[in-house]
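The file start_30.csv contains CSV, C-alpha atoms:
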```csv
chain,number,residue,atom,x,y,z
A,858,VAL,CA,0.0,0.0,0.0
A,859,THR,CA,1.4,3.4,-1.0
A,860,GLU,CA,1.1,5.6,2.1
A,861,HIS,CA,-2.1,7.6,2.3
A,862,ARG,CA,-1.7,11.3,2.0
A,863,GLU,CA,-4.3,14.0,2.7
A,864,GLU,CA,-3.9,15.4,-0.8
A,865,TYR,CA,-5.3,12.1,-2.2
A,866,ILE,CA,-8.6,13.0,-0.6
A,867,GLU,CA,-8.8,16.1,-2.8
A,868,LEU,CA,-7.9,14.0,-5.8
A,869,CYS,CA,-10.7,11.6,-5.0
A,870,ALA,CA,-13.2,14.5,-5.1
A,871,GLY,CA,-12.1,15.5,-8.6
A,872,TYR,CA,-12.1,11.9,-9.6
A,873,ALA,CA,-15.7,11.3,-8.5
A,874,LEU,CA,-16.8,14.5,-10.2
A,875,GLY,CA,-15.0,13.4,-13.4
A,876,SER,CA,-13.2,16.7,-13.7
A,877,MET,CA,-9.7,15.5,-13.1
A,878,ASP,CA,-6.7,16.3,-15.3
A,879,ALA,CA,-4.9,13.2,-16.7
A,880,ALA,CA,-1.8,13.4,-14.6
A,881,ASP,CA,-3.7,13.7,-11.4
A,882,ARG,CA,-6.0,10.9,-12.4
A,883,GLU,CA,-3.1,8.6,-13.1
A,884,ARG,CA,-1.5,9.4,-9.8
A,885,LEU,CA,-4.6,8.7,-7.9
A,886,GLU,CA,-5.4,5.5,-9.8
A,887,GLN,CA,-1.9,4.3,-9.1
A,888,HIS,CA,-2.5,5.0,-5.4
A,889,LEU,CA,-6.0,3.4,-5.4
A,890,SER,CA,-4.7,0.2,-7.1
A,891,THR,CA,-2.7,-0.5,-4.0
A,892,GLY,CA,-5.9,-0.5,-2.0
A,893,CYS,CA,-6.3,2.5,0.4
A,894,PRO,CA,-9.4,2.1,2.7
A,895,VAL,CA,-9.4,5.8,3.5
A,896,CYS,CA,-9.5,6.9,-0.1
A,897,GLU,CA,-12.0,4.2,-1.0
A,898,ALA,CA,-14.4,5.5,1.7
A,899,ALA,CA,-13.9,9.1,0.6
A,900,LEU,CA,-14.5,8.1,-3.0
A,901,ALA,CA,-17.7,6.4,-2.1
A,902,ASP,CA,-18.9,9.5,-0.3
A,903,PHE,CA,-17.9,11.9,-3.2
A,904,SER,CA,-19.5,9.6,-5.7
A,905,ALA,CA,-22.7,9.7,-3.8
A,906,ALA,CA,-22.6,13.5,-3.7
A,907,THR,CA,-22.0,13.5,-7.4
A,908,VAL,CA,-25.1,11.4,-8.0
A,909,MET,CA,-27.0,14.0,-6.0
A,910,LEU,CA,-25.6,16.7,-8.2
A,911,ALA,CA,-27.1,14.9,-11.2
A,912,ALA,CA,-30.4,14.9,-9.4
A,913,SER,CA,-30.3,18.7,-9.2
A,914,ALA,CA,-30.5,19.1,-13.0
A,915,GLU,CA,-34.1,20.2,-13.6
A,916,PRO,CA,-35.5,19.4,-17.0
A,917,ALA,CA,-36.2,23.1,-17.7
A,918,ARG,CA,-32.6,24.0,-16.9
A,919,ALA,CA,-30.9,21.9,-19.5
A,920,PRO,CA,-32.9,23.4,-22.5
A,921,ASP,CA,-32.1,26.9,-21.1
A,922,ARG,CA,-28.4,26.1,-21.2
A,923,LEU,CA,-28.7,24.5,-24.6
A,924,ARG,CA,-30.6,27.5,-25.9
A,925,ALA,CA,-27.9,29.8,-24.5
A,926,ARG,CA,-25.2,27.8,-26.1
A,927,VAL,CA,-26.9,27.7,-29.5
A,928,LEU,CA,-27.5,31.4,-29.3
A,929,ASP,CA,-23.9,32.0,-28.4
A,930,ARG,CA,-22.8,29.8,-31.3
A,931,ILE,CA,-25.0,31.8,-33.7
A,932,ALA,CA,-23.7,35.1,-32.3
A,933,SER,CA,-20.1,34.0,-32.8
A,934,THR,CA,-20.6,32.6,-36.3
A,935,PRO,CA,-19.2,35.0,-38.9
A,936,GLN,CA,-22.1,36.6,-40.6
A,937,GLU,CA,-20.7,36.4,-44.1
A,938,ALA,CA,-20.5,32.7,-43.8
A,939,ALA,CA,-24.1,32.4,-42.6
A,940,GLY,CA,-25.5,35.0,-45.0
A,941,GLY,CA,-24.1,33.4,-48.1
A,942,ARG,CA,-26.1,30.2,-47.7
A,943,ALA,CA,-28.5,29.5,-50.4
A,944,GLY,CA,-32.1,28.6,-49.4
A,945,SER,CA,-31.9,30.6,-46.2
A,946,GLU,CA,-34.3,33.1,-47.6
A,947,ARG,CA,-37.2,30.8,-47.0
A,948,ASP,CA,-36.5,30.3,-43.3
A,949,ALA,CA,-34.8,33.4,-42.3
A,950,ARG,CA,-34.5,37.0,-43.4
A,951,TRP,CA,-31.5,39.2,-42.7
A,952,SER,CA,-32.7,42.6,-41.7
A,953,GLU,CA,-30.2,45.3,-42.7
A,954,GLY,CA,-29.6,48.4,-40.6
A,955,ALA,CA,-27.2,50.1,-38.2
A,956,GLY,CA,-25.6,47.8,-35.7
A,957,PRO,CA,-25.6,44.1,-35.8
A,958,ARG,CA,-27.8,42.3,-38.2
A,959,VAL,CA,-30.5,40.3,-36.7
A,960,LEU,CA,-31.6,36.9,-37.7
A,961,GLU,CA,-35.4,36.5,-37.6
A,962,LEU,CA,-36.5,33.0,-37.3
A,963,ARG,CA,-39.8,31.9,-38.9
A,964,PRO,CA,-41.6,28.7,-38.4
A,965,ARG,CA,-40.7,26.2,-41.1
A,966,ARG,CA,-43.7,25.3,-43.2
A,967,GLY,CA,-44.8,21.8,-42.5
A,968,ALA,CA,-42.7,21.4,-39.3
A,969,PRO,CA,-44.9,19.7,-36.7
A,970,ALA,CA,-45.5,21.6,-33.5
A,971,TRP,CA,-44.0,18.9,-31.3
A,972,ALA,CA,-40.7,19.3,-33.1
A,973,VAL,CA,-40.1,22.4,-30.9
A,974,TRP,CA,-40.0,20.1,-27.8
A,975,VAL,CA,-37.5,17.6,-29.2
A,976,PRO,CA,-34.4,19.4,-28.0
A,977,ALA,CA,-36.0,19.8,-24.5
A,978,LEU,CA,-36.9,16.2,-24.4
A,979,ALA,CA,-33.5,15.1,-25.5
A,980,ALA,CA,-31.9,17.3,-22.9
A,981,ALA,CA,-34.2,15.9,-20.2
A,982,ALA,CA,-33.5,12.4,-21.3
A,983,PHE,CA,-29.8,13.2,-21.2
A,984,ALA,CA,-30.1,14.5,-17.6
A,985,VAL,CA,-31.8,11.3,-16.5
A,986,THR,CA,-29.4,9.0,-18.3
A,987,THR,CA,-26.5,10.9,-16.7
A,988,ALA,CA,-28.0,10.4,-13.3
A,989,LEU,CA,-28.5,6.7,-14.0
A,990,LEU,CA,-25.0,6.3,-15.3
A,991,TRP,CA,-23.6,8.0,-12.2
A,992,ASN,CA,-25.5,5.6,-10.1
A,993,ASP,CA,-23.9,2.7,-12.1
A,994,VAL,CA,-20.5,4.2,-11.8
A,995,SER,CA,-20.8,4.7,-8.1
A,996,ARG,CA,-22.2,1.2,-7.6
A,997,LEU,CA,-19.3,-0.2,-9.7
A,998,ARG,CA,-16.8,1.8,-7.7
A,999,GLY,CA,-18.3,0.3,-4.6
A,1000,GLU,CA,-18.0,-3.2,-6.0
A,1001,LEU,CA,-14.4,-2.5,-7.0
A,1002,ALA,CA,-13.6,-1.4,-3.5
A,1003,THR,CA,-15.2,-4.6,-2.1
A,1004,ARG,CA,-13.2,-6.8,-4.5
A,1005,ARG,CA,-10.0,-5.0,-3.5
A,1006,THR,CA,-10.8,-5.6,0.1
A,1007,GLU,CA,-11.5,-9.3,-0.6
A,1008,ASN,CA,-8.3,-9.6,-2.5
A,1009,THR,CA,-6.3,-8.0,0.3
A,1010,ASP,CA,-8.0,-10.3,2.7
A,1011,LEU,CA,-7.3,-13.4,0.6
A,1012,ALA,CA,-3.7,-12.3,0.1
A,1013,SER,CA,-3.1,-11.9,3.8
A,1014,ARG,CA,-4.8,-15.3,4.5
A,1015,LEU,CA,-2.5,-16.9,1.9
A,1016,ALA,CA,0.5,-15.3,3.4
A,1017,GLU,CA,-0.5,-16.5,6.8
A,1018,GLN,CA,-1.0,-20.0,5.5
A,1019,GLU,CA,2.4,-19.9,3.9
A,1020,ARG,CA,4.0,-18.9,7.2
A,1021,LEU,CA,2.2,-21.8,8.9
A,1022,ASN,CA,3.4,-24.2,6.3
A,1023,GLU,CA,7.0,-23.0,6.7
A,1024,VAL,CA,6.9,-24.1,10.3
A,1025,LEU,CA,4.9,-27.3,9.8
A,1026,SER,CA,7.2,-28.5,7.0
A,1027,ALA,CA,10.5,-27.3,8.4
A,1028,PRO,CA,13.0,-30.2,8.2
A,1029,GLY,CA,14.2,-30.0,11.8
A,1030,ALA,CA,10.7,-29.3,13.3
A,1031,LYS,CA,9.9,-30.9,16.6
A,1032,VAL,CA,6.4,-32.0,17.5
A,1033,ALA,CA,4.6,-32.0,20.9
A,1034,VAL,CA,1.3,-33.8,21.1
A,1035,LEU,CA,-0.3,-32.4,24.2
A,1036,GLU,CA,-1.7,-35.0,26.7
A,1037,ILE,CA,-4.8,-34.4,28.7
A,1038,THR,CA,-4.1,-34.3,32.5
A,1039,PRO,CA,-6.7,-35.7,35.0
A,1040,GLN,CA,-8.1,-32.1,35.3
A,1041,GLY,CA,-8.7,-31.8,31.5
A,1042,GLU,CA,-11.8,-32.4,29.5
A,1043,GLN,CA,-11.5,-35.6,27.5
A,1044,ALA,CA,-12.4,-33.9,24.2
A,1045,LEU,CA,-9.4,-31.5,24.2
A,1046,ARG,CA,-6.9,-32.0,21.4
A,1047,ALA,CA,-3.7,-30.0,20.8
A,1048,ARG,CA,-0.5,-30.4,18.9
A,1049,ALA,CA,2.5,-28.1,18.8
A,1050,THR,CA,5.1,-27.9,16.0
A,1051,TYR,CA,8.3,-26.0,16.8
A,1052,ASP,CA,11.1,-25.2,14.4
A,1053,PRO,CA,14.3,-24.7,16.4
A,1054,ALA,CA,16.0,-23.0,13.5
A,1055,SER,CA,13.5,-20.1,13.2
A,1056,ARG,CA,12.1,-20.5,16.8
A,1057,ASN,CA,8.7,-20.3,15.2
A,1058,ALA,CA,5.9,-22.6,16.5
A,1059,VAL,CA,2.4,-23.5,15.4
A,1060,VAL,CA,0.0,-24.9,17.9
A,1061,ILE,CA,-3.3,-26.4,16.7
A,1062,PHE,CA,-6.3,-26.7,19.1
A,1063,GLU,CA,-9.5,-28.6,18.7
A,1064,ASN,CA,-12.6,-28.9,20.9
A,1065,PHE,CA,-11.4,-26.1,23.0
A,1066,LYS,CA,-14.7,-24.9,24.4
A,1067,ALA,CA,-13.9,-23.2,27.8
A,1068,PRO,CA,-16.7,-23.3,30.4
A,1069,SER,CA,-18.5,-20.0,30.6
A,1070,GLY,CA,-16.5,-17.3,32.4
A,1071,HIS,CA,-13.2,-19.1,31.7
A,1072,ASP,CA,-10.4,-19.1,29.1
A,1073,TYR,CA,-7.8,-21.6,28.2
A,1074,GLN,CA,-4.2,-20.2,28.3
A,1075,LEU,CA,-1.1,-21.5,26.6
A,1076,TRP,CA,2.3,-21.7,28.3
A,1077,ALA,CA,5.8,-22.6,27.2
A,1078,LEU,CA,7.9,-24.4,29.7
A,1079,GLU,CA,11.6,-23.4,29.6
A,1080,GLY,CA,13.1,-26.0,31.8
A,1081,ALA,CA,10.5,-25.9,34.6
A,1082,THR,CA,9.7,-22.2,34.3
A,1083,PRO,CA,6.4,-21.3,32.6
A,1084,ARG,CA,6.2,-18.5,30.1
A,1085,ASN,CA,2.9,-17.0,29.2
A,1086,LEU,CA,2.0,-17.4,25.5
A,1087,GLY,CA,-1.5,-15.9,25.8
A,1088,VAL,CA,-5.1,-16.8,26.0
A,1089,ILE,CA,-6.4,-19.2,23.4
A,1090,LYS,CA,-9.1,-17.6,21.2
A,1091,THR,CA,-11.0,-20.2,19.3
A,1092,ASP,CA,-13.8,-20.2,16.7
A,1093,GLU,CA,-17.3,-21.4,17.6
A,1094,ALA,CA,-16.3,-25.0,17.0
A,1095,GLY,CA,-13.5,-24.7,19.5
A,1096,ARG,CA,-10.8,-24.6,16.8
A,1097,ALA,CA,-7.7,-22.4,16.8
A,1098,VAL,CA,-4.4,-22.2,15.1
A,1099,ILE,CA,-1.8,-20.1,16.8
A,1100,ARG,CA,1.4,-19.1,15.2
A,1101,LEU,CA,4.2,-18.0,17.6
A,1102,ASP,CA,7.0,-15.9,16.2
A,1103,ASP,CA,9.3,-16.7,19.0
A,1104,ALA,CA,8.2,-19.7,21.0
A,1105,GLY,CA,11.5,-19.8,23.0
A,1106,ASP,CA,15.1,-20.8,23.0
A,1107,PRO,CA,15.8,-24.3,21.5
A,1108,GLY,CA,18.2,-24.9,24.3
A,1109,THR,CA,15.7,-24.5,27.1
A,1110,LEU,CA,12.2,-24.9,25.5
A,1111,ALA,CA,11.1,-28.3,26.8
A,1112,ALA,CA,7.3,-28.4,26.7
A,1113,PHE,CA,4.0,-26.7,26.1
A,1114,ALA,CA,1.2,-26.6,28.6
A,1115,VAL,CA,-2.5,-25.4,28.7
A,1116,SER,CA,-4.2,-24.2,31.8
A,1117,LEU,CA,-7.9,-23.4,32.5
A,1118,GLU,CA,-8.1,-19.9,33.9
A,1119,GLN,CA,-10.7,-17.3,34.7
A,1120,ALA,CA,-11.9,-15.2,31.8
A,1121,GLY,CA,-9.0,-13.1,30.5
A,1122,GLY,CA,-6.3,-15.4,31.7
A,1123,SER,CA,-4.2,-16.1,34.8
A,1124,PRO,CA,-4.1,-13.2,37.2
A,1125,ASN,CA,-0.4,-14.1,37.7
A,1126,PRO,CA,1.3,-13.5,34.4
A,1127,ALA,CA,4.3,-15.6,35.4
A,1128,ALA,CA,2.5,-18.9,36.1
A,1129,PRO,CA,-0.9,-20.7,35.7
A,1130,THR,CA,-3.3,-20.0,38.5
A,1131,GLY,CA,-5.9,-22.5,37.4
A,1132,PRO,CA,-5.4,-26.2,36.8
A,1133,VAL,CA,-3.0,-27.4,34.0
A,1134,VAL,CA,-5.3,-29.4,31.7
A,1135,MET,CA,-2.8,-30.4,29.0
A,1136,LEU,CA,0.9,-30.9,28.8
A,1137,GLY,CA,3.2,-32.0,26.0
A,1138,LYS,CA,7.0,-32.5,25.8
A,1139,LEU,CA,8.8,-31.6,22.6
A,1140,GLY,CA,9.9,-34.7,20.8
A,1141,GLY,CA,12.3,-35.1,17.9
B,206,VAL,CA,-49.5,8.7,-18.0
B,207,ALA,CA,-50.1,6.0,-15.4
B,208,PRO,CA,-50.7,7.2,-11.8
B,209,VAL,CA,-47.6,5.3,-10.7
B,210,ASP,CA,-45.4,7.3,-13.0
B,211,ALA,CA,-47.0,10.5,-11.8
B,212,SER,CA,-46.2,9.8,-8.2
B,213,ARG,CA,-42.8,8.6,-9.1
B,214,SER,CA,-42.0,11.8,-10.9
B,215,ALA,CA,-43.4,13.7,-7.9
B,216,VAL,CA,-40.9,11.9,-5.7
B,217,GLU,CA,-38.1,12.6,-8.1
B,218,SER,CA,-38.8,16.2,-8.3
B,219,ASP,CA,-38.9,16.3,-4.5
B,220,VAL,CA,-35.4,14.9,-4.5
B,221,SER,CA,-34.3,17.5,-7.0
B,222,GLU,CA,-35.8,20.2,-4.9
B,223,ARG,CA,-33.9,19.0,-1.9
B,224,VAL,CA,-30.7,18.7,-3.8
B,225,ARG,CA,-31.1,22.2,-5.2
B,226,ALA,CA,-31.9,23.5,-1.7
B,227,ALA,CA,-28.7,21.9,-0.5
B,228,LEU,CA,-26.7,23.3,-3.4
B,229,ALA,CA,-28.0,26.8,-2.5
B,230,ARG,CA,-26.5,26.4,1.0
B,231,LEU,CA,-23.0,25.8,-0.3
B,232,GLU,CA,-20.4,28.6,-0.5
B,233,PRO,CA,-21.0,30.2,-3.9
B,234,GLN,CA,-17.5,29.3,-5.1
B,235,GLN,CA,-17.9,25.7,-4.1
B,236,ARG,CA,-21.2,25.5,-5.9
B,237,ARG,CA,-19.7,27.2,-8.9
B,238,VAL,CA,-16.8,24.7,-9.3
B,239,LEU,CA,-19.2,21.7,-8.9
B,240,GLU,CA,-21.6,23.1,-11.5
B,241,ILE,CA,-18.9,23.9,-14.0
B,242,ALA,CA,-17.2,20.6,-13.6
B,243,TYR,CA,-20.4,18.5,-13.7
B,244,PHE,CA,-22.7,20.4,-16.1
B,245,GLU,CA,-20.1,21.9,-18.4
B,246,GLY,CA,-17.6,19.1,-18.2
B,247,LEU,CA,-14.6,21.2,-17.7
B,248,SER,CA,-11.4,19.7,-16.1
B,249,GLN,CA,-10.0,21.2,-13.0
B,250,SER,CA,-7.2,23.0,-14.8
B,251,GLU,CA,-9.8,24.4,-17.3
B,252,ILE,CA,-11.9,25.6,-14.4
B,253,SER,CA,-8.8,27.2,-12.8
B,254,LYS,CA,-8.3,29.2,-16.0
B,255,GLN,CA,-11.9,30.1,-16.4
B,256,LEU,CA,-12.3,31.4,-12.8
B,257,GLU,CA,-8.7,32.8,-12.7
B,258,THR,CA,-8.2,30.9,-9.5
B,259,PRO,CA,-5.2,28.7,-8.6
B,260,LEU,CA,-5.6,25.0,-9.4
B,261,GLY,CA,-5.1,24.1,-5.7
B,262,THR,CA,-8.0,26.3,-4.7
B,263,VAL,CA,-10.2,24.7,-7.3
B,264,LYS,CA,-9.3,21.3,-6.0
B,265,SER,CA,-10.0,22.3,-2.4
B,266,TRP,CA,-13.4,24.0,-3.3
B,267,THR,CA,-14.3,20.8,-5.1
B,268,ARG,CA,-13.6,18.7,-2.1
B,269,GLN,CA,-15.3,21.0,0.3
B,270,GLY,CA,-18.4,21.3,-2.0
B,271,LEU,CA,-18.9,17.6,-2.4
B,272,MET,CA,-18.3,17.0,1.3
B,273,ARG,CA,-20.8,19.7,2.3
B,274,LEU,CA,-23.3,18.3,-0.2
B,275,ARG,CA,-22.9,14.9,1.3
B,276,GLU,CA,-23.4,16.2,4.9
B,277,LEU,CA,-26.5,18.2,3.8
B,278,LEU,CA,-28.0,15.1,2.1
B,279,PRO,CA,-27.6,12.0,4.1
B,280,GLU,CA,-28.1,8.9,2.0
B,281,ARG,CA,-31.1,7.6,3.9
B,282,GLU,CA,-33.0,10.8,3.0
B,283,TRP,CA,-31.9,10.7,-0.5
B,284,VAL,CA,-32.8,7.1,-1.2
```

Show me, as C-alpha cells, the structure contained in the file I just sent.
Amino acid sequence: VTEHREEYIELCAGYALGSMDAADRERLEQHLSTGCPVCEAALADFSAATVMLAASAEPARAPDRLRARVLDRIASTPQEAAGGRAGSERDARWSEGAGPRVLELRPRRGAPAWAVWVPALAAAAFAVTTALLWNDVSRLRGELATRRTENTDLASRLAEQERLNEVLSAPGAKVAVLEITPQGEQALRARATYDPASRNAVVIFENFKAPSGHDYQLWALEGATPRNLGVIKTDEAGRAVIRLDDAGDPGTLAAFAVSLEQAGGSPNPAAPTGPVVMLGKLGG
Amino acid sequence: VAPVDASRSAVESDVSERVRAALARLEPQQRRVLEIAYFEGLSQSEISKQLETPLGTVKSWTRQGLMRLRELLPEREWV
C-alpha cells in the first residue's frame, strides 16, 4: 500500500466529479490500485454526492443552457458565412440596418408543433441518463472497493497459510502432542510444532470450548519455568491455530502446557493460577 | 401517464428540490466549481483558468463542496 496522504482525498473529489486532469488521475489510480481504505471510503462519499448533483438538474434548466449555447454559437458565427447560404431566404431573413444584423426565425412550413420540444426532451433524457450512469458508476466503484478488500483479505490469509506451512514442514521441526491431564476435558486435542532454526511454532487446538467465564491459556515451559504465550481464542467450533513468532530458546524450551483460567487469563502473568489441563513435551 | 409514474416523478422532483436547496447552501465558489465541472464538463485546470483561480484552490473547493453536499443530504434521506 502506498502511504495515504491527505492530498489524495482532494484528488478523490475531482475523480468522483470526473473533472480530473490526466496526470492527477493517473497518480490517484496508481494509489488506489494498491488499496487504500481511507481513499475508497472518501471516493464512495464523493461519488454519492456527485449522484446527488445529477439529481439537481431540472429538465427546464438543460434546455435553457442548450438555448444559451446555441445562441452563443449563432452570435459568434461569422455573418458572411451564414448570410451566403442558399435557401436561407425561406426560413430566415436578414434585416439590414445600423448595428448588428438580426436573424429573424420563422416557423418552417410543415414542421410539426412537437418538433419544438425535441431538444428539450432530448436534454431531459440526457439528464436522466447521466444520473443513472452515475448511479452505475458509483455502484461499480463500490464493488471494486469490495473486491479489492476481498483480494487483500485473501492475500493476507494466503501469506498466513504460507507462514504456517514453513513451520509445519521445516526439516528440523519438533512436535509436541499435548496429553490431557486428569483435570482436563476428555475432548481436548492440541498439537504443537516447533522449528528450532527459526524458533517459530504453530499450535493447533481442537474442541477447546472453555466453560462460561473461563479461558484456556497457553504456556511454554523453559526448563520448569512457565512463560505466558497468551489466552487461546477459538472459533465457535473450538478450533484455533496459533502461530508464535518466537516460542522460545531451543536450548531451554522443553514443553507446552495449557491451563484453564478465569476469563482473560491467569491473574499471575508468570504462572498458571488454574489447573493445568494439557501438557506436551517436545519430541524429535 | 399512469398514476404510478406521476407519483414517481413527484418523488423525483422532490429529490431534485432538496438537492437544489442543499446546493443553495454551499459557499458560492464551491457551488460554482461543482456546476462547471459537472454540467459543463470542464477539467480542474480548465476551471482554474476560467475562474482565474489557482488550481489548488479549485481542488479544495471541489472537495469542500462535495463533502458539504454529502453532509446536507444523508443517504437515507436521498434514497

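If you take only C-alpha atoms and a cut-off of 6 Å, the residues of chain A that reach chain B are Glu867, Ala870, Ser876, Met877, Asp878, Phe903, Ala906, Ala912 and Ser913 of chain A.
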
With 6 Å as the threshold, what does the neighbourhood of (-5.3, -19.1, 26.9) contain in terms of residues, counting only C-alpha atoms? Coordinates are those of the file; answer as a PyMOL selection string. chain A and resi 1072-1075+1087-1089

Coordinates-based distance that separates CA of Glu1036 (chain A) from CA of Asp1106 (chain A) (Å, one decimal): 22.3 Å

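Between CA of Glu1000 (chain A) and CA of Gly892 (chain A) the interatomic distance comes to 13.0 Å.
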